[in-house]
Every structure is written in C-alpha cells, then in structure tokens.
>>> print(open('model.cif').read())   # mmCIF, C-alpha atoms
data_final
loop_
_atom_site.label_atom_id
_atom_site.label_comp_id
_atom_site.auth_asym_id
_atom_site.auth_seq_id
_atom_site.Cartn_x
_atom_site.Cartn_y
_atom_site.Cartn_z
CA MET U 4 109.46 126.64 94.80
CA SER U 5 108.09 126.32 98.28
CA ILE U 6 105.93 129.22 99.45
CA LEU U 7 107.48 128.98 102.92
CA LYS U 8 110.88 129.74 101.43
CA ASN U 9 109.46 132.85 99.74
CA ILE U 10 107.88 133.99 102.99
CA LEU U 11 111.14 133.54 104.89
CA THR U 12 113.00 135.48 102.23
CA ALA U 13 110.45 138.28 102.56
CA ILE U 14 110.72 138.31 106.36
CA ARG U 15 114.52 138.34 106.29
CA GLY U 16 114.41 141.08 103.71
CA GLY U 17 112.92 143.29 106.39
CA ALA U 18 109.52 143.56 104.73
CA SER U 19 107.90 143.03 108.10
CA GLU U 20 108.41 146.53 109.40
CA ALA U 21 105.49 147.80 111.47
CA GLY U 22 102.40 148.28 109.38
CA GLU U 23 103.86 146.71 106.26
CA SER U 24 102.44 143.37 105.31
CA ILE U 25 104.80 140.72 104.01
CA ILE U 26 101.83 138.95 102.49
CA ASP U 27 100.54 140.20 99.18
CA ALA U 28 96.78 140.24 99.77
CA ASN U 29 96.12 139.96 96.03
CA ALA U 30 98.36 136.92 95.74
CA VAL U 31 96.42 135.26 98.56
CA ARG U 32 93.10 136.04 96.87
CA ILE U 33 94.39 134.69 93.56
CA LEU U 34 95.58 131.46 95.20
CA GLU U 35 92.23 131.09 96.97
CA GLN U 36 90.40 131.67 93.68
CA GLU U 37 92.64 129.12 91.93
CA ILE U 38 91.82 126.55 94.60
CA ARG U 39 88.09 127.25 94.27
CA ASP U 40 88.25 127.03 90.45
CA ALA U 41 90.19 123.77 90.60
CA GLU U 42 87.62 122.35 93.01
CA THR U 43 84.76 123.33 90.70
CA ALA U 44 86.59 121.77 87.75
CA ILE U 45 87.14 118.58 89.73
CA GLY U 46 83.46 118.52 90.71
CA LYS U 47 82.48 118.69 87.03
CA ALA U 48 85.11 116.10 86.06
CA LYS U 49 83.74 113.75 88.72
CA GLN U 50 80.24 114.21 87.35
CA SER U 51 81.32 113.27 83.80
CA LEU U 52 83.41 110.43 85.20
CA THR U 53 80.27 109.06 86.88
CA ASN U 54 78.44 109.17 83.54
CA LEU U 55 81.35 107.50 81.73
CA LYS U 56 81.58 104.82 84.40
CA ALA U 57 77.83 104.16 84.08
CA THR U 58 78.24 103.73 80.29
CA GLU U 59 81.23 101.43 80.90
CA ILE U 60 79.19 99.25 83.27
CA GLN U 61 76.32 99.14 80.76
CA LEU U 62 78.68 98.11 77.94
CA LYS U 63 80.18 95.40 80.13
CA ARG U 64 76.69 94.08 80.86
CA GLU U 65 75.80 94.07 77.14
CA LEU U 66 79.08 92.32 76.34
CA ASN U 67 78.38 89.61 78.93
CA SER U 68 74.90 89.20 77.54
CA LEU U 69 76.27 88.78 73.96
CA GLN U 70 78.88 86.29 75.16
CA ASN U 71 76.16 84.29 76.94
CA ASP U 72 74.04 84.38 73.77
CA ALA U 73 76.98 83.16 71.69
CA ALA U 74 77.62 80.31 74.14
CA SER U 75 73.95 79.40 74.14
CA TYR U 76 73.79 79.36 70.29
CA GLU U 77 77.00 77.35 70.20
CA SER U 78 75.47 74.66 72.34
CA LYS U 79 72.35 74.70 70.14
CA ALA U 80 74.49 74.43 66.97
CA MET U 81 76.23 71.41 68.49
CA GLN U 82 72.86 69.85 69.20
CA ALA U 83 71.83 70.49 65.56
CA LEU U 84 75.07 68.87 64.33
CA GLU U 85 74.50 65.89 66.64
CA SER U 86 71.05 65.44 65.12
CA ASN U 87 72.70 65.72 61.63
CA ASN U 88 70.78 68.92 60.81
CA GLU U 89 73.69 70.67 59.16
CA ALA U 90 71.53 73.33 57.48
CA LEU U 91 70.15 74.47 60.83
CA ALA U 92 73.62 74.27 62.35
CA GLY U 93 74.86 76.53 59.52
CA GLU U 94 72.16 79.11 60.25
CA VAL U 95 73.01 79.04 63.92
CA ALA U 96 76.73 79.37 63.09
CA ALA U 97 75.95 82.47 61.00
CA ARG U 98 74.02 83.91 63.95
CA ILE U 99 76.96 83.13 66.25
CA ALA U 100 79.31 84.94 63.87
CA GLU U 101 77.05 88.02 63.94
CA ILE U 102 76.94 87.96 67.74
CA GLU U 103 80.71 87.51 68.01
CA ALA U 104 81.28 90.43 65.63
CA GLU U 105 78.97 92.61 67.74
CA ALA U 106 80.69 91.40 70.93
CA ALA U 107 84.11 92.27 69.47
CA ASP U 108 82.90 95.82 68.72
CA LYS U 109 81.45 96.18 72.20
CA SER U 110 84.60 94.78 73.76
CA ALA U 111 86.79 97.28 71.91
CA GLU U 112 84.45 100.11 72.90
CA HIS U 113 84.45 98.87 76.51
CA GLN U 114 88.24 98.66 76.65
CA SER U 115 88.64 102.16 75.27
CA LEU U 116 86.06 103.56 77.67
CA SER U 117 87.61 101.70 80.60
CA ALA U 118 91.03 103.16 79.78
CA GLN U 119 89.45 106.63 79.54
CA VAL U 120 87.75 106.20 82.92
CA ASN U 121 91.03 105.15 84.54
CA LYS U 122 92.87 108.06 82.97
CA ILE U 123 90.29 110.64 84.12
CA ASN U 124 90.20 109.03 87.56
CA SER U 125 93.96 109.27 88.03
CA MET U 126 93.88 112.83 86.65
CA ILE U 127 91.26 113.80 89.25
CA ARG U 128 93.35 112.22 92.02
CA GLN U 129 96.40 114.11 90.82
CA ARG U 130 94.47 117.40 90.76
CA GLU U 131 93.10 116.70 94.23
CA LYS U 132 96.63 116.20 95.54
CA THR U 133 97.64 119.51 93.98
CA ILE U 134 94.66 121.25 95.60
CA GLN U 135 95.55 119.76 98.99
CA LYS U 136 99.12 120.94 98.55
CA ASN U 137 97.90 124.43 97.60
CA ARG U 138 95.61 124.45 100.62
CA ARG U 139 98.56 123.66 102.89
CA GLU U 140 100.60 126.40 101.26
CA LEU U 141 97.70 128.83 101.71
CA GLU U 142 97.45 127.82 105.36
CA LYS U 143 101.14 128.64 105.81
CA ILE U 144 100.61 132.06 104.26
CA LYS U 145 97.56 132.71 106.42
CA THR U 146 99.41 131.56 109.53
CA VAL U 147 102.21 134.04 108.89
CA GLU U 148 99.61 136.72 108.12
CA GLN U 149 97.81 136.06 111.41
CA LEU U 150 101.10 135.86 113.32
CA GLN U 151 102.05 139.23 111.95
CA LYS U 152 98.67 140.65 112.93
CA ALA U 153 98.95 139.26 116.46
CA THR U 154 102.48 140.50 116.90
CA SER U 155 102.17 143.93 115.34
CA SER U 156 100.13 145.62 118.08
CA MET U 157 102.61 144.54 120.72
CA SER U 158 105.56 145.49 118.49
CA THR U 159 104.19 149.00 118.40
CA ASN U 160 104.14 148.95 122.19
CA PHE U 161 107.71 147.70 122.26
CA ALA U 162 108.68 150.56 119.97
CA ALA U 163 106.89 153.05 122.20
CA THR U 164 108.68 151.78 125.30
CA SER U 165 112.03 151.06 123.72
CA SER U 166 113.50 154.10 125.43
CA SER U 167 112.60 152.57 128.75
CA GLU U 168 115.45 150.32 129.81
CA HIS U 169 114.91 147.01 131.58
CA ARG U 170 111.29 146.81 130.37
CA VAL U 171 111.25 143.02 130.71
CA SER U 172 113.02 143.05 134.09
CA LYS U 173 110.59 145.61 135.46
CA ALA U 174 107.59 143.68 134.16
CA LEU U 175 108.95 140.45 135.63
CA ASP U 176 109.47 142.21 138.98
CA ARG U 177 105.87 143.43 138.93
CA VAL U 178 104.60 139.91 138.20
CA LYS U 179 106.77 138.50 140.98
CA GLN U 180 105.48 141.17 143.37
CA LYS U 181 101.88 140.36 142.49
CA GLN U 182 102.56 136.65 142.87
CA THR U 183 104.12 137.25 146.28
CA ASN U 184 101.12 139.34 147.33
CA TRP U 185 98.81 136.65 146.07
CA GLU U 186 100.74 133.96 147.93
CA ASP U 187 100.67 136.10 151.11
CA LYS U 188 96.92 136.46 150.75
CA MET U 189 96.55 132.74 150.18
CA GLU U 190 98.64 132.08 153.29
CA ALA U 191 96.55 134.55 155.29
CA GLY U 192 93.40 132.90 153.98
CA GLU U 193 94.69 129.49 155.00
CA TRP U 194 95.65 130.80 158.45
CA MET U 195 92.17 132.23 158.84
CA ALA U 196 90.57 128.99 157.74
CA GLU U 197 92.80 127.07 160.16
CA GLU U 198 91.82 129.40 162.98
CA SER U 199 88.12 128.95 162.26
CA ARG U 200 88.59 125.20 162.14
CA GLY U 201 90.33 125.39 165.57
CA ASP U 202 87.39 127.37 167.01
CA GLU U 203 84.96 124.86 165.62
CA LEU U 204 86.90 122.00 167.18
CA ASP U 205 86.98 123.73 170.58
CA LYS U 206 83.22 124.22 170.42
CA LYS U 207 82.70 120.57 169.57
CA LEU U 208 84.97 119.47 172.45
CA SER U 209 83.21 121.78 174.83
CA ALA U 210 79.82 120.49 173.77
CA ALA U 211 81.07 116.97 174.42
CA GLY U 212 82.22 118.04 177.93
CA ILE U 213 85.88 117.51 177.04
CA GLY U 214 88.63 119.99 177.89
CA ALA U 215 88.44 123.25 179.80
CA SER U 216 85.01 124.70 180.17
CA SER U 217 84.82 128.04 178.47
CA SER U 218 82.22 129.43 180.86
CA VAL U 219 82.96 129.10 184.53
CA GLY U 220 79.77 129.45 186.53
CA GLY U 221 79.48 131.17 189.96
CA ALA U 222 78.37 127.87 191.52
CA SER U 223 81.58 126.12 190.62
CA VAL U 224 83.66 128.99 191.98
CA LEU U 225 81.72 128.85 195.30
CA GLU U 226 82.28 125.10 195.45
CA ARG U 227 86.02 125.59 194.89
CA LEU U 228 86.19 128.22 197.67
CA LYS U 229 84.33 125.90 200.08
CA GLN U 230 86.77 123.10 199.37
CA LYS U 231 89.69 125.47 199.93
CA LYS U 232 88.22 126.57 203.29
CA ALA U 233 87.64 122.96 204.38
CA GLY U 234 91.23 122.18 203.55
CA GLN U 235 92.58 124.93 205.85
CA MET A 7 83.97 128.31 118.36
CA SER A 8 84.40 131.89 117.17
CA LEU A 9 86.89 134.21 118.87
CA SER A 10 84.04 136.31 120.32
CA GLU A 11 82.47 133.18 121.83
CA LEU A 12 85.87 132.23 123.23
CA ALA A 13 86.24 135.73 124.72
CA PHE A 14 82.83 135.45 126.34
CA LYS A 15 83.61 132.07 127.89
CA LEU A 16 87.10 133.07 129.03
CA ASN A 17 85.83 136.19 130.81
CA ASP A 18 83.46 134.00 132.77
CA HIS A 19 85.93 131.30 133.72
CA VAL A 20 88.20 130.59 136.69
CA THR A 21 90.60 127.64 136.55
CA ASN A 22 91.20 125.16 139.37
CA GLU A 23 94.43 127.04 140.07
CA GLY A 24 92.45 130.26 140.48
CA THR A 25 93.56 131.84 137.19
CA ARG A 26 91.12 134.35 135.69
CA PHE A 27 91.10 135.78 132.18
CA ASP A 28 90.43 139.18 130.76
CA ALA A 29 89.73 138.74 127.05
CA VAL A 30 89.07 141.51 124.53
CA LEU A 31 88.52 141.03 120.80
CA SER A 32 90.09 143.81 118.72
CA GLU A 33 88.65 145.24 115.51
CA GLU A 34 91.44 143.50 113.59
CA GLY A 35 90.19 140.14 114.87
CA VAL A 36 92.91 139.57 117.47
CA LEU A 37 91.73 138.25 120.82
CA GLU A 38 93.94 139.74 123.53
CA VAL A 39 93.89 137.65 126.68
CA VAL A 40 95.39 138.71 129.97
CA CYS A 41 95.83 135.81 132.40
CA SER A 42 95.78 136.68 136.07
CA ASN A 43 98.87 134.50 136.69
CA ASN A 44 100.86 136.79 134.38
CA ASP A 45 99.14 140.06 133.55
CA GLU A 46 102.22 141.79 132.13
CA PHE A 47 102.52 139.68 128.98
CA PRO A 48 99.15 139.23 127.27
CA ILE A 49 98.45 136.36 124.90
CA ASN A 50 97.11 137.29 121.46
CA ILE A 51 94.88 134.68 119.86
CA VAL A 52 94.19 134.60 116.14
CA LYS A 53 92.38 132.10 113.98
CA THR A 54 93.27 130.62 110.59
CA ASP A 55 91.24 128.13 108.51
CA THR A 56 92.63 125.19 110.47
CA GLN A 57 94.09 126.40 113.75
CA LEU A 58 94.02 128.74 116.69
CA LEU A 59 97.33 130.46 117.30
CA ALA A 60 98.13 131.78 120.76
CA ILE A 61 101.01 134.25 120.61
CA THR A 62 102.82 136.07 123.37
CA PRO A 63 105.20 138.73 122.12
CA LEU A 64 108.22 138.54 124.44
CA PHE A 65 110.65 141.29 123.48
CA ASP A 66 112.09 143.13 120.52
CA ALA A 67 115.48 142.24 119.09
CA LYS A 68 116.53 145.81 119.98
CA GLU A 69 116.02 144.91 123.64
CA VAL A 70 118.76 142.27 123.47
CA GLN A 71 122.31 143.29 124.39
CA ALA A 72 123.93 143.52 120.95
CA GLU A 73 126.90 141.31 121.82
CA LYS A 74 124.61 138.70 123.43
CA LEU A 75 122.25 138.16 120.48
CA ALA A 76 123.88 134.92 119.27
CA GLU A 77 123.97 133.57 122.83
CA LEU A 78 120.30 134.44 123.30
CA ASN A 79 119.29 132.73 120.05
CA GLU A 80 121.17 129.60 121.08
CA GLU A 81 119.61 129.64 124.57
CA LEU A 82 116.15 129.88 123.01
CA LEU A 83 116.85 127.03 120.59
CA TYR A 84 117.95 124.81 123.45
CA MET A 85 115.03 125.85 125.59
CA SER A 86 112.25 125.49 123.03
CA PRO A 87 111.87 121.67 123.08
CA ALA A 88 111.84 121.67 126.87
CA ILE A 89 108.87 124.03 127.21
CA PRO A 90 105.57 122.20 127.49
CA LEU A 91 102.92 123.06 124.85
CA SER A 92 104.68 126.22 123.62
CA SER A 93 107.33 127.02 121.05
CA ILE A 94 109.63 129.98 120.64
CA GLY A 95 109.92 131.90 117.40
CA ARG A 96 110.57 135.26 115.86
CA GLN A 97 108.13 137.37 113.91
CA GLY A 98 109.80 140.34 112.30
CA SER A 99 112.01 141.77 115.03
CA THR A 100 109.78 140.43 117.81
CA TYR A 101 110.58 137.26 119.70
CA ILE A 102 107.41 135.32 120.45
CA LEU A 103 106.20 132.38 122.46
CA PHE A 104 103.38 130.58 120.72
CA GLY A 105 101.13 127.57 120.79
CA ALA A 106 98.94 126.17 118.03
CA MET A 107 95.65 124.38 118.60
CA ALA A 108 93.25 122.66 116.22
CA LEU A 109 90.02 124.58 115.64
CA ASN A 110 88.01 121.81 117.33
CA THR A 111 90.02 122.01 120.57
CA VAL A 112 87.62 121.90 123.53
CA PHE A 113 87.36 124.98 125.74
CA GLU A 114 88.97 123.29 128.78
CA ASN A 115 92.07 122.46 126.73
CA ILE A 116 92.30 126.00 125.35
CA VAL A 117 92.19 127.32 128.92
CA HIS A 118 94.87 124.85 129.98
CA GLU A 119 97.07 125.89 127.06
CA LEU A 120 96.68 129.59 127.89
CA GLU A 121 97.43 129.07 131.57
CA ILE A 122 100.56 127.08 130.73
CA GLN A 123 101.64 129.61 128.10
CA ALA A 124 101.38 132.45 130.63
CA GLU A 125 103.61 130.45 133.01
CA ASN A 126 106.03 129.48 130.23
CA THR A 127 106.41 133.14 129.31
CA LEU A 128 107.65 133.99 132.79
CA GLU A 129 110.03 131.03 132.86
CA VAL A 130 111.55 131.84 129.48
CA LEU A 131 111.94 135.53 130.30
CA GLN A 132 113.58 134.74 133.63
CA VAL A 133 116.20 132.67 131.77
CA VAL A 134 116.98 135.29 129.12
CA GLU A 135 116.58 138.38 131.32
CA PRO A 136 120.36 138.70 131.94
CA LEU A 137 120.88 138.97 128.16
CA LEU A 138 118.44 141.85 127.73
CA VAL A 139 119.16 145.54 128.12
#
>>> encode(input="model.cif", output="structure tokens")
Amino acid sequence: MSILKNILTAIRGGASEAGESIIDANAVRILEQEIRDAETAIGKAKQSLTNLKATEIQLKRELNSLQNDAASYESKAMQALESNNEALAGEVAARIAEIEAEAADKSAEHQSLSAQVNKINSMIRQREKTIQKNRRELEKIKTVEQLQKATSSMSTNFAATSSSEHRVSKALDRVKQKQTNWEDKMEAGEWMAEESRGDELDKKLSAAGIGASSSVGGASVLERLKQKKAGQ
Amino acid sequence: MSLSELAFKLNDHVTNEGTRFDAVLSEEGVLEVVCSNNDEFPINIVKTDTQLLAITPLFDAKEVQAEKLAELNEELLYMSPAIPLSSIGRQGSTYILFGAMALNTVFENIVHELEIQAENTLEVLQVVEPLLV
C-alpha cells in the first residue's frame, strides 16, 4: 500500500493537531535503516557478482583455448591420415577426445555460471528498483514532516489570533498601505530626480549662453536704461 | 547550500525590484523569511534530502466562513494552476501556498521564487478574502 495514502489517512484522521506529529519517527528511522541495509547488501552482492563474472570470463577463455586446441589437433590428425600414418592419427584422435571431454565439462560449468551471473544481476537490479522506490516513499514522508514543521509555528499564531476577526483583511490592508507609502516615496524620489535633472539642464543651457541668463549684471541694466532714455 | 548560508545571503541581498529579505533560522531548522514586498505573510523554508520547500501559511480553516468552505476550496483548485511557481495546499487545518525547488537551485532563482511567492500570497488572499471571517 502506498505510503502517501497512509499519510493522507493520518492527516484526515486529525492526527495533525498542533504539536502532534503525524509521522512516526521510529517508522522513519526503521525505513532509513532498511534502505541502508539493502544498499550494503547490494554492495556485497555486486562484489561477489564481479568475482563470479571474472570466473565466467576465465572459463570462457579456457573453453575457447580448448576448442582451438581440438581444431588444431583435428587438422594434424587429418594430415597424419593423408600421409597414411593411421597409428599417429589414432593417438591424435584420442587426444582430441580428451580435449573435447574437458571442453564439454568447461562448457557446462560456463553455462551454469553464466546463468547464475544473469540471475544475480537481475536480482540486484530488482533490489535497486525497490530501494529507489523506498527512497521516494521516504522523501514523501520527510516532505510531509517538514511541511508540518514549517506550518506548525504559524498555526500556533493563527490559534492565538483566532479571536481577532478579519485577521487576513487587516493584514492585507497593512500591506496595501505600506505598498502605497512605498509607491508615494518612489514617486517623490522620481520627482526629485526629475527636478535635479531640470536644474542640471538649465545650468548646461546657461553655460552654453542659451536661454535666460540667471544672473543679470548691473552693466546690462544700465545699458537697458540708456536705451530706454534714448527712445524717449 | 545550507539553510544558514541561505539566510546569510538573503539578509545581504536586494533584488532588482528593490525587495529585501529578513531571514532567521529557527532552532527547529525552519528558515523564516520576511520579504519586504509582503511583510505580513512570512515564507518558511525547510529542507528535505532532495528539495527546498518554501511554505507560506495563509489562513486556518476556522477563519473561513463555514458556509463558504466548499466555495473556497473550489476557488483555490481553479486558481492553483494559474499561479506562477507556487501551488496551494492544506497542511492540517492550515491552508498554505508553497513552492518546491531542487537542492541545487542557484541563489538567484531561489530569490526569484521567494519574491514571486510573496506576491502570489497577496493575490490569492485578495481573491479569497470575501470568503473569510
């Protein structure tokens, strides 16, 4: 049965009251220990699989060598027959028979070992899948455990303030108020920056002799008065 | 990155949008983060073997108008897929907004997630506010 289903049943059953854990800490530790044990067992199984595989490869090599020997003797026996040396051919044939018997033994041993290697290999893969599944299950449990931890402190606060009506509305209003203040400040800041930029521009224009002169000298006033008098 | 390292970096960080963070790691191993764009609803960060969970408790089931509970649940179900980066759930009697990140999430993305989650919280609460007491 899925662990998630058990957790949901526990949550719905109201086991998640403040301070009460829905997760059995011992169960988590046992599951963790089981995963660790299974991993150790797999590590050992892999080690013996490596040894078995090495023996299998060695047997295969020996088998090939025997088969090559048999082929080589066969060709030599043929040569002996061609040269009508039947006695020698007979000796070679006896040797071939010995080699073939040995090869048959090795082949049987190799096949049995090969089957064993495949079986252990698939068993390890199966166990690894189980471990991965258990790890995912454990992660679900830990997630719920952490969620509960993260939620519980605030839940206590909710409980403490439950008598206060419109808690959320009031909090939202405060956030809105702060945001409005912040926006006002930003706007003021932008206005200020704009103003300074305007001042800067005026200074630049003035320096370039463009626009109204900010400082009107006495000489220019006198000149203006003289012109006014001449015009009368 | 450990939660204490995350707290240290968050306290020293300002986003492009001007959001600041106030992060405190509790004895229970919960990192409480207050984002300046929403300082009324803190985000609690916890860590499992594979992920970082950012959780904002929203309200208690007791705070929902009794006759509106079914309507609220339906609203939240409809809303959940539309909220970027966050999901809505319930833990015990507490409704939560949460986001999950892989443990190797880079700091900039964690910050982005937190900033968005703080905004999402306000948006969700504004929608359901009429259904609360």
>>> residues_near_point(input="model.cif", point="(90.8, 140.4, 128.3)", cutoff="6 Å", atoms="all atoms listed in the file", output="list in words")
Asp28, Ala29, Val30, Glu38, Val39 and Val40 of chain A
>>> residues_near_point(input="model.cif", point="(93.8, 125.5, 117.6)", cutoff="9 Å", atoms="all atoms listed in the file", output="JSON, numbers by chain")
{"A": [53, 54, 56, 57, 58, 59, 60, 105, 106, 107, 108, 109, 110, 111, 116]}
>>> write_last_selection(input="model.cif", atoms="C-alpha atoms", output="tab-separated table (two decimals), keeping the file's coordinate frame")
chain	number	residue	atom	x	y	z
A	53	LYS	CA	92.38	132.10	113.98
A	54	THR	CA	93.27	130.62	110.59
A	56	THR	CA	92.63	125.19	110.47
A	57	GLN	CA	94.09	126.40	113.75
A	58	LEU	CA	94.02	128.74	116.69
A	59	LEU	CA	97.33	130.46	117.30
A	60	ALA	CA	98.13	131.78	120.76
A	105	GLY	CA	101.13	127.57	120.79
A	106	ALA	CA	98.94	126.17	118.03
A	107	MET	CA	95.65	124.38	118.60
A	108	ALA	CA	93.25	122.66	116.22
A	109	LEU	CA	90.02	124.58	115.64
A	110	ASN	CA	88.01	121.81	117.33
A	111	THR	CA	90.02	122.01	120.57
A	116	ILE	CA	92.30	126.00	125.35
>>> resolve_selection(input="model.cif", expression="the PyMOL selection byres ((chain A) within 6 of (chain U))", output="MDAnalysis selection string")
chainID A and resid 50 98 139
>>> write_last_selection(input="model.cif", atoms="C-alpha atoms", output="JSON list (two decimals), in the frame of the given file")
[["chain", "number", "residue", "atom", "x", "y", "z"],
["A", 50, "ASN", "CA", 97.11, 137.29, 121.46],
["A", 98, "GLY", "CA", 109.80, 140.34, 112.30],
["A", 139, "VAL", "CA", 119.16, 145.54, 128.12]]
>>> resolve_selection(input="model.cif", expression="the PyMOL selection byres ((chain U and resi 117) around 12)", output="list in words")
Leu52, Leu55, Lys56, Ala57, Thr58, Glu59, Ile60, Gln61, Leu62, Lys63, Lys109, Ser110, Ala111, Glu112, His113, Gln114, Ser115, Leu116, Ala118, Gln119, Val120, Asn121, Lys122, Ile123 and Asn124 of chain U
>>> atom_distance(input="model.cif", atom1="atom CA of A:Leu16", atom2="atom CA of A:Leu37")
10.8 Å
>>> atom_distance(input="model.cif", atom1="atom CA of U:Asn29", atom2="atom CA of A:Ile49")
29.2 Å
>>> resolve_selection(input="model.cif", expression="the PyMOL selection byres ((chain A and resi 83-95) around 10)", output="MDAnalysis selection string")
chainID A and resid 60:64 77:82 96:98 100:107 118:120 122:124 126:127 129:130 133
>>> atom_distance(input="model.cif", atom1="atom CA of U:Ser68", atom2="atom CA of U:Ala107")
12.6 Å
